[in-house]
Each structure stands twice: as C-alpha cells, then as structure tokens.
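A quick write-up on the structure given underneath.
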Amino acid sequence: MSYTRRRIHRRNRLEGLHEAAVHGLGGVRHRFRGRSATNLLIFLPMAISFVGASTIWLFIYTWRPEGTAQIGILNAIWTAFGNEPVGWLQNFAINDFALMAIMIWLQAGFAMVLLSAAIKNVPGDTIEAARVDGASEIAIFWRVVVPQIASTIVVVTTDTAPRPRRRDASANRAALVEAAKTTLLR
C-alpha cells in the first residue's frame with residue numbers, strides 16, 4: 001500500500017472513531033430507547049466482587065486438552081470453528097490481553113458513571129452557541145465538550161490505570177542483604 005493510500009486509510013479510521021465518539025458520548029445527553037438497560041449492563045460488573053468476576057472469567061477462559069469437551073465458553077466457540085483449543089491464560093502472548101479484558105470489563109461501569117455525569121453537566125448553551133457559530137458535531141465534541149470534561153477524563157484515566165506493584169519489606173530487605181554481600185565480597 002502506498003504512503004498516500006495508508007494516510008487516507010488512517011484518516012478514514014480516525015474519522016470513524018470521531019463519529020463513534022460523537023454519537024456514542026453524545027447519546028449520553030439524549031434519551032434513547034434501551035438506555036436504562038444499556039447502562040445497567042455496563043455498570044453491572046462494577047457491582048460484582050473480584051472473586052465473583054474471576055469465577056465468571058474462569059468459566060470463559062477455561063480450556064481442556066484437544067479431544068475433550070471444552071467447558072470454557074471462549075474455547076467452545078473457538079473449537080466450533082474447527083480450531084484447536086487455546087490456553088488463554090497459559091499462553092504468554094495472549095495472557096496480558098486476556099487479563100486486560102477482565103479489568104476493562106470491571107472498570108467500564110466506573111468510567112461510564114463519571115463520564116456520563118460530566119457530559120450531562122456540560123451547559124447546553126455552549127453547545128448551542130457552537131452550533132450557531134457553524135461548528136460541526138465533531139468540532140463541538142473535541143473543542144467544546146472535551147475541554148469542559150478534561151478534569152473528569154484525567155480522574156477516570158488515572159483511577160482506572162493499573163498501578164505498579166510494590167515490593168514488600170522482606171523483598172526490599174533481601175535486596176539490601178544481597179547488595180551488602182556483593183559489596184563486602186569484593
């Protein structure tokens with residue numbers, strides 16, 4: 001694919017993402033049929049404990065050796081198409097993405113609640129003023145709505161981001177002892 005075609009393809013994908021963002025997040029401000037059910041389905045995982053969520057996802061990711069019945073939903077679907085069963089959590093190439101899917105599933109409700117509240121609090125007057133000035137819906141979203149909800153976006157991004165694990169005191173002590181031994185043995 002030539003450089004120009006790649007650039008056009010990339011631009012079309014970005015425009016599609018903009019449209020999805022405008023219609024998806026813009027739909028938060030307006031009532032639509034099935035809105036309550038949609039919000040319930042997105043928020044429900046947040047009400048489940050980590051133990052419950054891990055049990056649910058265990059039933060999704062479980063795998064058995066080839067030739068035995070697959071009880072994991074994902075492998076049952078995967079093998080129905082004629083593929084070999086995959087150890088989703090045992091395969092290092094897939095493991096991180098499988099765990100990310102669980103965390104996204106668990107945290108989507110929290111992000112939805114905060115972002116929908118922030119979008120509902122954007123004054124309609126500023127959006128109307130942008131429309132009167134001739135701004136497109138994409139421009140309204142990126143230049144009016146996003147700046148007004150930027151602080152909420154920061155909160156959602158930082159609060160749902162994975163945190164680095166801290167080493168416990170015994171690991172720190174062991175590292176200090178090892179460093180002292182190497183220094184003394186020189």
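We label chains A, B, ... in the order they appear in the structure tokens, count residues from 1 in each chain, and number ligands from 1 in the order shown.
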Which residues, written as a ChimeraX atom specification, have at least one atom at most 8 Å from Ile140 in chain A, with only C-alpha atoms counted and residues fewer than 3 positions away on the same chain left out? /A:127,130-131,135-137,143-145
Would you write out those residues with N, CA and C atoms, as a compact mmCIF listing (two decimals), in the first residue's frame?
# COMPACT_ATOMS: atom_id res chain seq x y z
N ILE A 127 -22.95 24.43 23.83
CA ILE A 127 -23.10 23.58 22.65
C ILE A 127 -23.96 24.28 21.60
N ALA A 130 -21.95 26.94 19.88
CA ALA A 130 -21.03 26.38 18.88
C ALA A 130 -21.79 26.01 17.61
N ARG A 131 -23.01 25.49 17.74
CA ARG A 131 -23.81 25.15 16.56
C ARG A 131 -24.19 26.41 15.79
N ALA A 135 -20.15 25.23 13.92
CA ALA A 135 -19.23 24.12 14.21
C ALA A 135 -19.90 22.79 13.90
N SER A 136 -19.11 21.86 13.38
CA SER A 136 -19.63 20.52 13.13
C SER A 136 -19.75 19.77 14.45
N GLU A 137 -20.44 18.63 14.44
CA GLU A 137 -20.60 17.85 15.67
C GLU A 137 -19.26 17.36 16.20
N ARG A 143 -13.80 20.41 20.72
CA ARG A 143 -13.42 21.77 21.11
C ARG A 143 -14.32 22.41 22.17
N VAL A 144 -15.47 21.79 22.44
CA VAL A 144 -16.37 22.34 23.46
C VAL A 144 -16.54 21.35 24.60
N VAL A 145 -16.94 20.13 24.27
CA VAL A 145 -17.26 19.15 25.32
C VAL A 145 -16.00 18.64 26.01
DSSP-assigned helix (DSSP H, G or I) among range 76-137 of chain A, expressed as a VMD selection string: chain A and resid 76 to 80 92 to 120 124 to 132 137
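For Arg64 in chain A, the set of protein, DNA and RNA residues having any atom at most 8 Å away, when counting only C-alpha atoms and skipping those fewer than 6 positions along the same chain, is Gln70, Ile71 and Pro85 of chain A.
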Can I get the residues of range 88-132 of chain A within 10 Å of range 154-157 of chain A, each with the closest pair of atoms and their distance in Å to one decimal, using only C-alpha atoms, sorted chain first then ascending number, as a tab-separated table?
residue	atom	partner	partner_atom	distance
A:Gln107	CA	A:Val156	CA	9.4
A:Ala108	CA	A:Val156	CA	9.8
A:Phe110	CA	A:Val156	CA	7.9
A:Ala111	CA	A:Val156	CA	5.8
A:Met112	CA	A:Val156	CA	9.2
A:Val113	CA	A:Val156	CA	9.9
A:Leu114	CA	A:Val156	CA	7.4
A:Leu115	CA	A:Val156	CA	8.0
Using only C-alpha atoms, which residues sit within 10 Å of Ala47 in chain A once same-chain residues fewer than 4 positions away are excluded, as a PDB file with N, CA, C and O atoms, in the first residue's frame?
ATOM      1  N   PHE A  43     -22.764  -1.071  33.820  1.00  0.00           N
ATOM      2  CA  PHE A  43     -22.433  -0.822  35.225  1.00  0.00           C
ATOM      3  C   PHE A  43     -22.423  -2.085  36.074  1.00  0.00           C
ATOM      4  O   PHE A  43     -21.747  -2.142  37.100  1.00  0.00           O
ATOM      5  N   GLY A  52     -16.034 -12.885  42.431  1.00  0.00           N
ATOM      6  CA  GLY A  52     -17.103 -13.239  41.505  1.00  0.00           C
ATOM      7  C   GLY A  52     -16.683 -13.053  40.053  1.00  0.00           C
ATOM      8  O   GLY A  52     -16.967 -13.886  39.197  1.00  0.00           O
ATOM      9  N   ALA A  53     -15.998 -11.946  39.788  1.00  0.00           N
ATOM     10  CA  ALA A  53     -15.542 -11.675  38.419  1.00  0.00           C
ATOM     11  C   ALA A  53     -14.519 -12.708  37.976  1.00  0.00           C
ATOM     12  O   ALA A  53     -14.552 -13.181  36.833  1.00  0.00           O
ATOM     13  N   LEU A 106     -14.407  -4.829  34.190  1.00  0.00           N
ATOM     14  CA  LEU A 106     -14.719  -4.428  35.563  1.00  0.00           C
ATOM     15  C   LEU A 106     -14.779  -2.908  35.736  1.00  0.00           C
ATOM     16  O   LEU A 106     -15.581  -2.399  36.504  1.00  0.00           O
ATOM     17  N   GLY A 109     -17.874   0.368  34.025  1.00  0.00           N
ATOM     18  CA  GLY A 109     -19.012   0.985  34.715  1.00  0.00           C
ATOM     19  C   GLY A 109     -18.622   2.248  35.449  1.00  0.00           C
ATOM     20  O   GLY A 109     -19.341   3.256  35.415  1.00  0.00           O
ATOM     21  N   PHE A 110     -17.477   2.210  36.120  1.00  0.00           N
ATOM     22  CA  PHE A 110     -16.988   3.384  36.846  1.00  0.00           C
ATOM     23  C   PHE A 110     -16.737   4.533  35.881  1.00  0.00           C
ATOM     24  O   PHE A 110     -17.158   5.675  36.116  1.00  0.00           O
TER      25      PHE A 110
END
Of A:Gly134, A:Pro147, A:Gly34, A:Gly82, the one sitting nearest Glu66 in chain A when using only C-alpha atoms is A:Gly82
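Here CA of Ala37 in chain A and CA of Pro123 in chain A stand 25.9 Å from one another.
Interatomic distance, CA of Val86 in chain A against CA of Trp63 in chain A: 6.6 Å.
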Can you pull out the residues contacting Val122 in chain A? Cut-off 12 Å, using only C-alpha atoms, and skip same-chain residues under 4 positions away; I want them as number ranges by chain. A: 26, 28-29, 115-118, 126-128, 140-141, 144-150, 152
Those residues with N, CA, C and O atoms, as an mmCIF file, in the first residue's frame please?
data_model
loop_
_atom_site.group_PDB
_atom_site.id
_atom_site.type_symbol
_atom_site.label_atom_id
_atom_site.label_comp_id
_atom_site.auth_asym_id
_atom_site.auth_seq_id
_atom_site.Cartn_x
_atom_site.Cartn_y
_atom_site.Cartn_z
ATOM 1 N N GLY A 26 -22.249 11.511 22.729
ATOM 2 C CA GLY A 26 -23.313 12.483 22.547
ATOM 3 C C GLY A 26 -24.671 11.895 22.897
ATOM 4 O O GLY A 26 -25.578 12.595 23.320
ATOM 5 N N VAL A 28 -25.305 10.220 25.370
ATOM 6 C CA VAL A 28 -25.493 10.292 26.816
ATOM 7 C C VAL A 28 -26.393 11.458 27.172
ATOM 8 O O VAL A 28 -27.181 11.394 28.111
ATOM 9 N N ARG A 29 -26.324 12.531 26.425
ATOM 10 C CA ARG A 29 -27.114 13.728 26.723
ATOM 11 C C ARG A 29 -28.582 13.554 26.319
ATOM 12 O O ARG A 29 -29.440 14.276 26.775
ATOM 13 N N LEU A 115 -18.056 9.746 33.375
ATOM 14 C CA LEU A 115 -18.072 10.473 32.109
ATOM 15 C C LEU A 115 -19.483 10.906 31.724
ATOM 16 O O LEU A 115 -19.677 12.014 31.206
ATOM 17 N N SER A 116 -20.480 10.054 31.957
ATOM 18 C CA SER A 116 -21.842 10.465 31.606
ATOM 19 C C SER A 116 -22.309 11.620 32.487
ATOM 20 O O SER A 116 -22.982 12.540 32.010
ATOM 21 N N ALA A 117 -21.931 11.603 33.777
ATOM 22 C CA ALA A 117 -22.285 12.736 34.648
ATOM 23 C C ALA A 117 -21.593 14.009 34.184
ATOM 24 O O ALA A 117 -22.198 15.091 34.183
ATOM 25 N N ALA A 118 -20.339 13.902 33.773
ATOM 26 C CA ALA A 118 -19.609 15.087 33.311
ATOM 27 C C ALA A 118 -20.216 15.635 32.027
ATOM 28 O O ALA A 118 -20.378 16.851 31.867
ATOM 29 N N THR A 126 -23.449 26.411 25.711
ATOM 30 C CA THR A 126 -22.165 26.429 24.989
ATOM 31 C C THR A 126 -22.236 25.560 23.737
ATOM 32 O O THR A 126 -21.672 25.925 22.705
ATOM 33 N N ILE A 127 -22.949 24.434 23.827
ATOM 34 C CA ILE A 127 -23.098 23.575 22.648
ATOM 35 C C ILE A 127 -23.957 24.277 21.600
ATOM 36 O O ILE A 127 -23.641 24.265 20.404
ATOM 37 N N GLU A 128 -25.019 24.908 22.040
ATOM 38 C CA GLU A 128 -25.886 25.648 21.123
ATOM 39 C C GLU A 128 -25.136 26.806 20.477
ATOM 40 O O GLU A 128 -25.269 27.063 19.273
ATOM 41 N N ILE A 140 -17.608 20.299 17.821
ATOM 42 C CA ILE A 140 -18.264 20.575 19.107
ATOM 43 C C ILE A 140 -17.754 19.610 20.164
ATOM 44 O O ILE A 140 -17.443 20.006 21.286
ATOM 45 N N PHE A 141 -17.669 18.338 19.788
ATOM 46 C CA PHE A 141 -17.205 17.350 20.760
ATOM 47 C C PHE A 141 -15.780 17.641 21.216
ATOM 48 O O PHE A 141 -15.503 17.702 22.416
ATOM 49 N N VAL A 144 -15.475 21.786 22.438
ATOM 50 C CA VAL A 144 -16.369 22.338 23.455
ATOM 51 C C VAL A 144 -16.542 21.352 24.604
ATOM 52 O O VAL A 144 -16.313 21.689 25.767
ATOM 53 N N VAL A 145 -16.942 20.131 24.271
ATOM 54 C CA VAL A 145 -17.262 19.149 25.319
ATOM 55 C C VAL A 145 -16.002 18.641 26.013
ATOM 56 O O VAL A 145 -15.914 18.666 27.248
ATOM 57 N N VAL A 146 -15.026 18.164 25.249
ATOM 58 C CA VAL A 146 -13.821 17.567 25.852
ATOM 59 C C VAL A 146 -13.082 18.551 26.765
ATOM 60 O O VAL A 146 -12.709 18.182 27.873
ATOM 61 N N PRO A 147 -12.866 19.805 26.383
ATOM 62 C CA PRO A 147 -12.198 20.711 27.323
ATOM 63 C C PRO A 147 -12.977 20.907 28.630
ATOM 64 O O PRO A 147 -12.377 21.088 29.683
ATOM 65 N N GLN A 148 -14.301 20.838 28.564
ATOM 66 C CA GLN A 148 -15.094 21.040 29.773
ATOM 67 C C GLN A 148 -15.122 19.806 30.664
ATOM 68 O O GLN A 148 -15.426 19.923 31.855
ATOM 69 N N ILE A 149 -14.834 18.628 30.098
ATOM 70 C CA ILE A 149 -14.805 17.415 30.915
ATOM 71 C C ILE A 149 -13.386 16.878 31.087
ATOM 72 O O ILE A 149 -13.200 15.757 31.536
ATOM 73 N N ALA A 150 -12.391 17.698 30.778
ATOM 74 C CA ALA A 150 -10.991 17.247 30.820
ATOM 75 C C ALA A 150 -10.590 16.759 32.210
ATOM 76 O O ALA A 150 -9.881 15.752 32.338
ATOM 77 N N THR A 152 -12.452 15.372 34.459
ATOM 78 C CA THR A 152 -13.058 14.059 34.671
ATOM 79 C C THR A 152 -12.312 12.992 33.882
ATOM 80 O O THR A 152 -12.121 11.874 34.376
#
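Computed from the coordinates, the CA of Ile73 in chain A to CA of Ile56 in chain A distance equals 10.4 Å.
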Got a sec: who's within 12 Å of Ile102 in chain A, counting only C-alpha atoms, leaving out chain neighbours fewer than 5 positions off, as a PyMOL selection string? chain A and resi 45-46+50+52-58+60-61+89+95-97+107-108
